[in-house]
$ cat input-v7.cif   # mmCIF, C-alpha atoms
data_work
loop_
_atom_site.label_atom_id
_atom_site.label_comp_id
_atom_site.auth_asym_id
_atom_site.auth_seq_id
_atom_site.Cartn_x
_atom_site.Cartn_y
_atom_site.Cartn_z
CA MET A 1 -15.87 -22.22 14.15
CA SER A 2 -17.28 -20.58 17.28
CA GLU A 3 -19.56 -17.54 16.97
CA PRO A 4 -17.09 -15.06 18.57
CA ARG A 5 -14.33 -16.28 16.26
CA LYS A 6 -16.65 -15.94 13.23
CA GLY A 7 -17.37 -12.32 14.18
CA ARG A 8 -13.67 -11.59 14.58
CA ALA A 9 -12.95 -13.31 11.27
CA GLY A 10 -15.32 -10.95 9.46
CA LYS A 11 -13.88 -7.91 11.22
CA ASN A 12 -10.31 -8.96 10.44
CA LEU A 13 -11.23 -9.62 6.81
CA ALA A 14 -12.70 -6.11 6.52
CA LEU A 15 -9.65 -4.56 8.19
CA ALA A 16 -7.20 -6.51 6.03
CA THR A 17 -9.08 -5.58 2.85
CA ALA A 18 -9.13 -1.90 3.82
CA ALA A 19 -5.43 -1.92 4.72
CA PHE A 20 -4.63 -3.69 1.46
CA ALA A 21 -6.55 -1.06 -0.53
CA VAL A 22 -4.84 1.82 1.28
CA THR A 23 -1.34 0.40 0.89
CA PHE A 24 -1.95 -0.41 -2.77
CA TRP A 25 -3.19 3.14 -3.34
CA ALA A 26 0.05 4.41 -1.82
CA TRP A 27 2.08 1.89 -3.82
CA ASN A 28 0.60 3.25 -7.04
CA LEU A 29 1.07 6.98 -6.40
CA ILE A 30 3.78 7.45 -9.02
CA GLY A 31 2.05 5.77 -11.97
CA PRO A 32 -0.96 8.10 -12.30
CA LEU A 33 1.32 11.14 -11.91
CA SER A 34 4.08 9.95 -14.24
CA GLY A 35 3.26 12.63 -16.79
CA ASP A 36 3.47 15.29 -14.08
CA TYR A 37 7.01 14.11 -13.33
CA SER A 38 8.10 13.49 -16.92
CA ARG A 39 7.29 16.89 -18.41
CA PRO A 40 9.04 19.20 -15.93
CA LEU A 41 12.03 16.88 -15.54
CA GLY A 42 12.30 16.22 -19.27
CA LEU A 43 12.29 12.46 -18.80
CA SER A 44 12.52 10.07 -21.70
CA PRO A 45 9.89 7.33 -22.06
CA THR A 46 12.46 4.83 -20.72
CA GLN A 47 13.17 6.97 -17.65
CA THR A 48 9.45 7.38 -17.00
CA SER A 49 8.89 3.64 -17.34
CA LEU A 50 11.70 2.95 -14.88
CA LEU A 51 10.22 5.46 -12.43
CA VAL A 52 6.85 3.68 -12.55
CA ALA A 53 8.36 0.17 -12.51
CA ILE A 54 10.71 0.51 -9.52
CA PRO A 55 8.01 0.43 -6.78
CA VAL A 56 6.29 -2.46 -8.56
CA LEU A 57 9.48 -4.49 -8.72
CA VAL A 58 10.41 -3.81 -5.09
CA GLY A 59 6.87 -4.60 -3.94
CA SER A 60 6.91 -7.89 -5.81
CA LEU A 61 10.32 -9.05 -4.62
CA GLY A 62 9.81 -7.66 -1.11
CA ARG A 63 6.88 -9.99 -0.56
CA ILE A 64 9.29 -12.82 0.20
CA PRO A 65 10.94 -11.31 3.30
CA VAL A 66 7.68 -9.66 4.36
CA GLY A 67 5.95 -13.04 4.22
CA VAL A 68 8.63 -14.46 6.52
CA LEU A 69 8.21 -11.51 8.90
CA THR A 70 4.44 -11.99 8.86
CA ASP A 71 4.87 -15.59 9.95
CA ARG A 72 6.98 -14.37 12.84
CA PHE A 73 5.18 -11.20 13.99
CA GLY A 74 1.62 -11.67 12.74
CA GLY A 75 -0.52 -9.94 10.18
CA ARG A 76 -1.90 -7.18 12.33
CA ARG A 77 1.54 -5.90 13.35
CA MET A 78 2.94 -6.25 9.86
CA PHE A 79 0.03 -4.38 8.26
CA ALA A 80 0.60 -1.57 10.76
CA ALA A 81 4.35 -1.61 10.12
CA ILE A 82 3.88 -1.41 6.35
CA CYS A 83 1.44 1.48 6.77
CA PHE A 84 3.82 3.37 9.05
CA VAL A 85 6.96 2.70 7.00
CA SER A 86 5.16 3.73 3.79
CA ILE A 87 4.41 7.19 5.18
CA VAL A 88 8.01 8.35 4.69
CA PRO A 89 8.34 7.55 0.97
CA VAL A 90 4.80 8.78 0.28
CA LEU A 91 5.73 12.18 1.71
CA PHE A 92 9.10 12.37 -0.03
CA VAL A 93 7.75 11.26 -3.41
CA GLY A 94 5.32 14.16 -3.09
CA LEU A 95 8.13 16.60 -2.35
CA SER A 96 10.84 15.31 -4.70
CA ASP A 97 11.75 17.41 -7.69
CA SER A 98 14.65 15.44 -9.13
CA TYR A 99 14.73 12.17 -11.01
CA GLY A 100 17.33 10.65 -8.68
CA TRP A 101 15.28 11.35 -5.55
CA LEU A 102 12.09 10.12 -7.22
CA LEU A 103 13.84 6.86 -8.08
CA PHE A 104 15.16 6.51 -4.53
CA TRP A 105 11.85 7.25 -2.81
CA GLY A 106 10.00 5.15 -5.40
CA PHE A 107 12.26 2.24 -4.43
CA VAL A 108 11.35 2.71 -0.76
CA LEU A 109 7.68 3.16 -1.71
CA GLY A 110 7.80 -0.41 -3.00
CA VAL A 111 7.38 -1.51 0.63
CA ALA A 112 3.68 -0.60 0.37
CA GLY A 113 3.28 -3.23 -2.33
CA THR A 114 4.38 -6.01 -0.02
CA SER A 115 1.10 -5.94 1.89
CA PHE A 116 -0.26 -8.79 -0.24
CA ALA A 117 2.15 -11.14 1.54
CA VAL A 118 0.75 -10.00 4.87
CA GLY A 119 -2.91 -10.25 4.07
CA ILE A 120 -3.14 -13.73 2.58
CA PRO A 121 -1.81 -15.61 5.65
CA PHE A 122 -3.58 -13.19 8.01
CA VAL A 123 -6.96 -13.74 6.36
CA ASN A 124 -6.46 -17.48 5.97
CA ALA A 125 -5.62 -17.87 9.65
CA TRP A 126 -9.06 -16.52 10.60
CA HIS A 127 -11.11 -18.71 8.27
CA GLU A 128 -11.74 -22.42 8.16
CA PRO A 129 -10.47 -24.19 5.04
CA ALA A 130 -13.91 -24.30 3.42
CA ARG A 131 -14.17 -20.46 3.61
CA ARG A 132 -10.59 -19.51 2.67
CA GLY A 133 -11.33 -19.13 -1.03
CA TYR A 134 -14.13 -16.71 -0.25
CA ALA A 135 -11.99 -14.84 2.28
CA THR A 136 -9.01 -14.44 -0.03
CA GLY A 137 -11.34 -13.38 -2.84
CA VAL A 138 -12.79 -10.63 -0.67
CA PHE A 139 -9.31 -9.64 0.48
CA GLY A 140 -8.17 -9.51 -3.15
CA ALA A 141 -10.67 -6.73 -3.77
CA GLY A 142 -8.17 -4.53 -1.95
CA MET A 143 -6.13 -4.53 -5.15
CA GLY A 144 -8.70 -1.98 -6.22
CA GLY A 145 -6.53 0.48 -4.31
CA THR A 146 -4.48 0.84 -7.48
CA ALA A 147 -7.64 1.81 -9.39
CA LEU A 148 -8.59 4.26 -6.65
CA SER A 149 -5.13 5.77 -6.95
CA ALA A 150 -5.39 6.04 -10.73
CA PHE A 151 -8.78 7.72 -10.46
CA PHE A 152 -8.43 9.97 -7.41
CA THR A 153 -4.73 10.88 -7.15
CA PRO A 154 -4.58 13.03 -10.31
CA ARG A 155 -7.80 14.76 -9.32
CA LEU A 156 -6.51 15.49 -5.81
CA VAL A 157 -3.26 16.84 -7.24
CA GLU A 158 -5.14 18.99 -9.75
CA ALA A 159 -7.46 20.39 -7.09
CA PHE A 160 -5.06 20.81 -4.16
CA GLY A 161 -1.50 20.25 -5.38
CA ARG A 162 0.91 17.34 -5.17
CA PRO A 163 2.12 18.00 -1.60
CA PHE A 164 -1.44 18.02 -0.25
CA ALA A 165 -2.35 14.76 -2.03
CA HIS A 166 0.71 13.03 -0.59
CA VAL A 167 0.15 14.40 2.92
CA LEU A 168 -3.45 13.19 2.74
CA MET A 169 -2.24 9.71 1.73
CA ALA A 170 0.27 9.76 4.61
CA VAL A 171 -2.52 10.64 7.05
CA VAL A 172 -4.69 7.81 5.71
CA LEU A 173 -1.76 5.38 6.09
CA ALA A 174 -1.18 6.55 9.68
CA LEU A 175 -4.86 6.11 10.53
CA MET A 176 -4.95 2.66 8.94
CA GLY A 177 -1.83 1.63 10.85
CA VAL A 178 -3.38 2.73 14.15
CA ILE A 179 -6.67 0.99 13.31
CA MET A 180 -4.79 -2.24 12.56
CA LEU A 181 -3.01 -2.08 15.90
CA LEU A 182 -6.16 -1.29 17.87
CA GLY A 183 -8.62 -3.37 15.83
#
$ encode --input "input-v7.cif" --output "structure tokens"
Amino acid sequence: MSEPRKGRAGKNLALATAAFAVTFWAWNLIGPLSGDYSRPLGLSPTQTSLLVAIPVLVGSLGRIPVGVLTDRFGGRRMFAAICFVSIVPVLFVGLSDSYGWLLFWGFVLGVAGTSFAVGIPFVNAWHEPARRGYATGVFGAGMGGTALSAFFTPRLVEAFGRPFAHVLMAVVLALMGVIMLLG
């Protein structure tokens, strides 16, 4: 691999890992706040479980069409698209005060969880076969976005309120989308 390509491979790996972490943080916004939704809405444990599970299910199943789109449009564009599309449900999950709307916006929020299907082919395309295991391992660290969400989201909501925390996440998604397009 040529030196300029090696440098770009490292940069793209860092960008993909960061975008993966940000989208996985967004994808996991409902889980850490499930108690904050359950109590005021009087949700049963089953309703709360469904609320948390919907984005996970959509993110998992959505990886199939997103993988196809990644093959067609490329990883950089698809990461940006997922970041930009995820802004809408992130904002509306933060503003929703009914179970029905939370389920709907949680369903749409599942798009953020499809970023795994973008990152793996994107990262692999930049690394020679002997380095792909390393590259996908580093990229996989972006799954830590769910842990960041579990740790920081409740604290942000407690300190500044739910709308602020969701607007902040939307801003981070917008910045990450722009960085992916320009990077």
$ resolve_selection --input "input-v7.cif" --expression "the PyMOL selection byres ((chain A and resi 29) around 12)" --output "MDAnalysis selection string"
chainID A and resid 22:28 30:34 36:37 51:53 55:56 86 89:94 102 105:106 109:110 112:113 145:154 156:157 162 165:170
$ residues_around --input "input-v7.cif" --residues "A:Gly74" --least-positions-apart "4" --cutoff "9 Å" --atoms "all atoms listed in the file" --output "PyMOL selection string"
chain A and resi 69-70+78-79+118+121-122
$ closest_residue --input "input-v7.cif" --among "A:Val111, A:Ala159, A:Leu57, A:Val68" --to "A:Phe84" --atoms "all atoms listed in the file"
A:Val111
$ atom_distance --input "input-v7.cif" --atom1 "atom CA of A:Trp101" --atom2 "atom CA of A:Leu43"
13.6 Å
$ atom_distance --input "input-v7.cif" --atom1 "atom CA of A:Cys83" --atom2 "atom CA of A:Asn12"
16.1 Å
$ residues_near_point --input "input-v7.cif" --point "(-4.4, -10.8, -0.1)" --cutoff "7 Å" --atoms "all atoms listed in the file" --output "ChimeraX atom specification"
/A:116-117,119-120,136,139-140
$ atom_distance --input "input-v7.cif" --atom1 "atom CA of A:Ala18" --atom2 "atom CA of A:Leu181"
13.5 Å
$ closest_residue --input "input-v7.cif" --among "A:Ala80, A:Val88, A:Leu95, A:Val171" --to "A:Leu15" --atoms "all atoms listed in the file"
A:Ala80
$ closest_residue --input "input-v7.cif" --among "A:Pro45, A:Gly10, A:Gly161, A:Gly100" --to "A:Arg132" --atoms "all atoms listed in the file"
A:Gly10
$ build_atoms --input "input-v7.cif" --residues "stretch 23-35 of chain A" --atoms "N, CA, C and O atoms" --output "PDB file, in the frame of the given file"
ATOM      1  N   THR A  23      -2.755   0.562   1.229  1.00  0.00           N
ATOM      2  CA  THR A  23      -1.340   0.400   0.890  1.00  0.00           C
ATOM      3  C   THR A  23      -1.143   0.276  -0.617  1.00  0.00           C
ATOM      4  O   THR A  23      -0.151   0.783  -1.161  1.00  0.00           O
ATOM      5  N   PHE A  24      -2.087  -0.330  -1.319  1.00  0.00           N
ATOM      6  CA  PHE A  24      -1.950  -0.410  -2.770  1.00  0.00           C
ATOM      7  C   PHE A  24      -2.196   0.942  -3.431  1.00  0.00           C
ATOM      8  O   PHE A  24      -1.618   1.227  -4.474  1.00  0.00           O
ATOM      9  N   TRP A  25      -3.024   1.773  -2.844  1.00  0.00           N
ATOM     10  CA  TRP A  25      -3.190   3.140  -3.340  1.00  0.00           C
ATOM     11  C   TRP A  25      -1.847   3.865  -3.211  1.00  0.00           C
ATOM     12  O   TRP A  25      -1.361   4.486  -4.151  1.00  0.00           O
ATOM     13  N   ALA A  26      -1.251   3.761  -2.044  1.00  0.00           N
ATOM     14  CA  ALA A  26       0.050   4.410  -1.820  1.00  0.00           C
ATOM     15  C   ALA A  26       1.105   3.868  -2.777  1.00  0.00           C
ATOM     16  O   ALA A  26       1.902   4.628  -3.346  1.00  0.00           O
ATOM     17  N   TRP A  27       1.110   2.563  -2.952  1.00  0.00           N
ATOM     18  CA  TRP A  27       2.080   1.890  -3.820  1.00  0.00           C
ATOM     19  C   TRP A  27       2.010   2.423  -5.244  1.00  0.00           C
ATOM     20  O   TRP A  27       3.006   2.479  -5.952  1.00  0.00           O
ATOM     21  N   ASN A  28       0.823   2.826  -5.658  1.00  0.00           N
ATOM     22  CA  ASN A  28       0.600   3.250  -7.040  1.00  0.00           C
ATOM     23  C   ASN A  28       0.534   4.781  -7.174  1.00  0.00           C
ATOM     24  O   ASN A  28      -0.044   5.291  -8.123  1.00  0.00           O
ATOM     25  N   LEU A  29       1.127   5.521  -6.297  1.00  0.00           N
ATOM     26  CA  LEU A  29       1.070   6.980  -6.400  1.00  0.00           C
ATOM     27  C   LEU A  29       1.857   7.534  -7.581  1.00  0.00           C
ATOM     28  O   LEU A  29       1.480   8.553  -8.146  1.00  0.00           O
ATOM     29  N   ILE A  30       2.937   6.907  -7.954  1.00  0.00           N
ATOM     30  CA  ILE A  30       3.780   7.450  -9.020  1.00  0.00           C
ATOM     31  C   ILE A  30       3.150   7.251 -10.395  1.00  0.00           C
ATOM     32  O   ILE A  30       3.164   8.160 -11.230  1.00  0.00           O
ATOM     33  N   GLY A  31       2.592   6.085 -10.647  1.00  0.00           N
ATOM     34  CA  GLY A  31       2.050   5.770 -11.970  1.00  0.00           C
ATOM     35  C   GLY A  31       1.072   6.802 -12.509  1.00  0.00           C
ATOM     36  O   GLY A  31       1.272   7.324 -13.612  1.00  0.00           O
ATOM     37  N   PRO A  32       0.013   7.145 -11.766  1.00  0.00           N
ATOM     38  CA  PRO A  32      -0.960   8.100 -12.300  1.00  0.00           C
ATOM     39  C   PRO A  32      -0.394   9.518 -12.482  1.00  0.00           C
ATOM     40  O   PRO A  32      -0.963  10.318 -13.208  1.00  0.00           O
ATOM     41  N   LEU A  33       0.716   9.801 -11.820  1.00  0.00           N
ATOM     42  CA  LEU A  33       1.320  11.140 -11.910  1.00  0.00           C
ATOM     43  C   LEU A  33       2.566  11.147 -12.789  1.00  0.00           C
ATOM     44  O   LEU A  33       3.280  12.148 -12.821  1.00  0.00           O
ATOM     45  N   SER A  34       2.823  10.049 -13.487  1.00  0.00           N
ATOM     46  CA  SER A  34       4.080   9.950 -14.240  1.00  0.00           C
ATOM     47  C   SER A  34       4.243  11.090 -15.244  1.00  0.00           C
ATOM     48  O   SER A  34       5.347  11.595 -15.429  1.00  0.00           O
ATOM     49  N   GLY A  35       3.175  11.501 -15.862  1.00  0.00           N
ATOM     50  CA  GLY A  35       3.260  12.630 -16.790  1.00  0.00           C
ATOM     51  C   GLY A  35       3.636  13.926 -16.088  1.00  0.00           C
ATOM     52  O   GLY A  35       4.376  14.753 -16.635  1.00  0.00           O
TER      53      GLY A  35
END
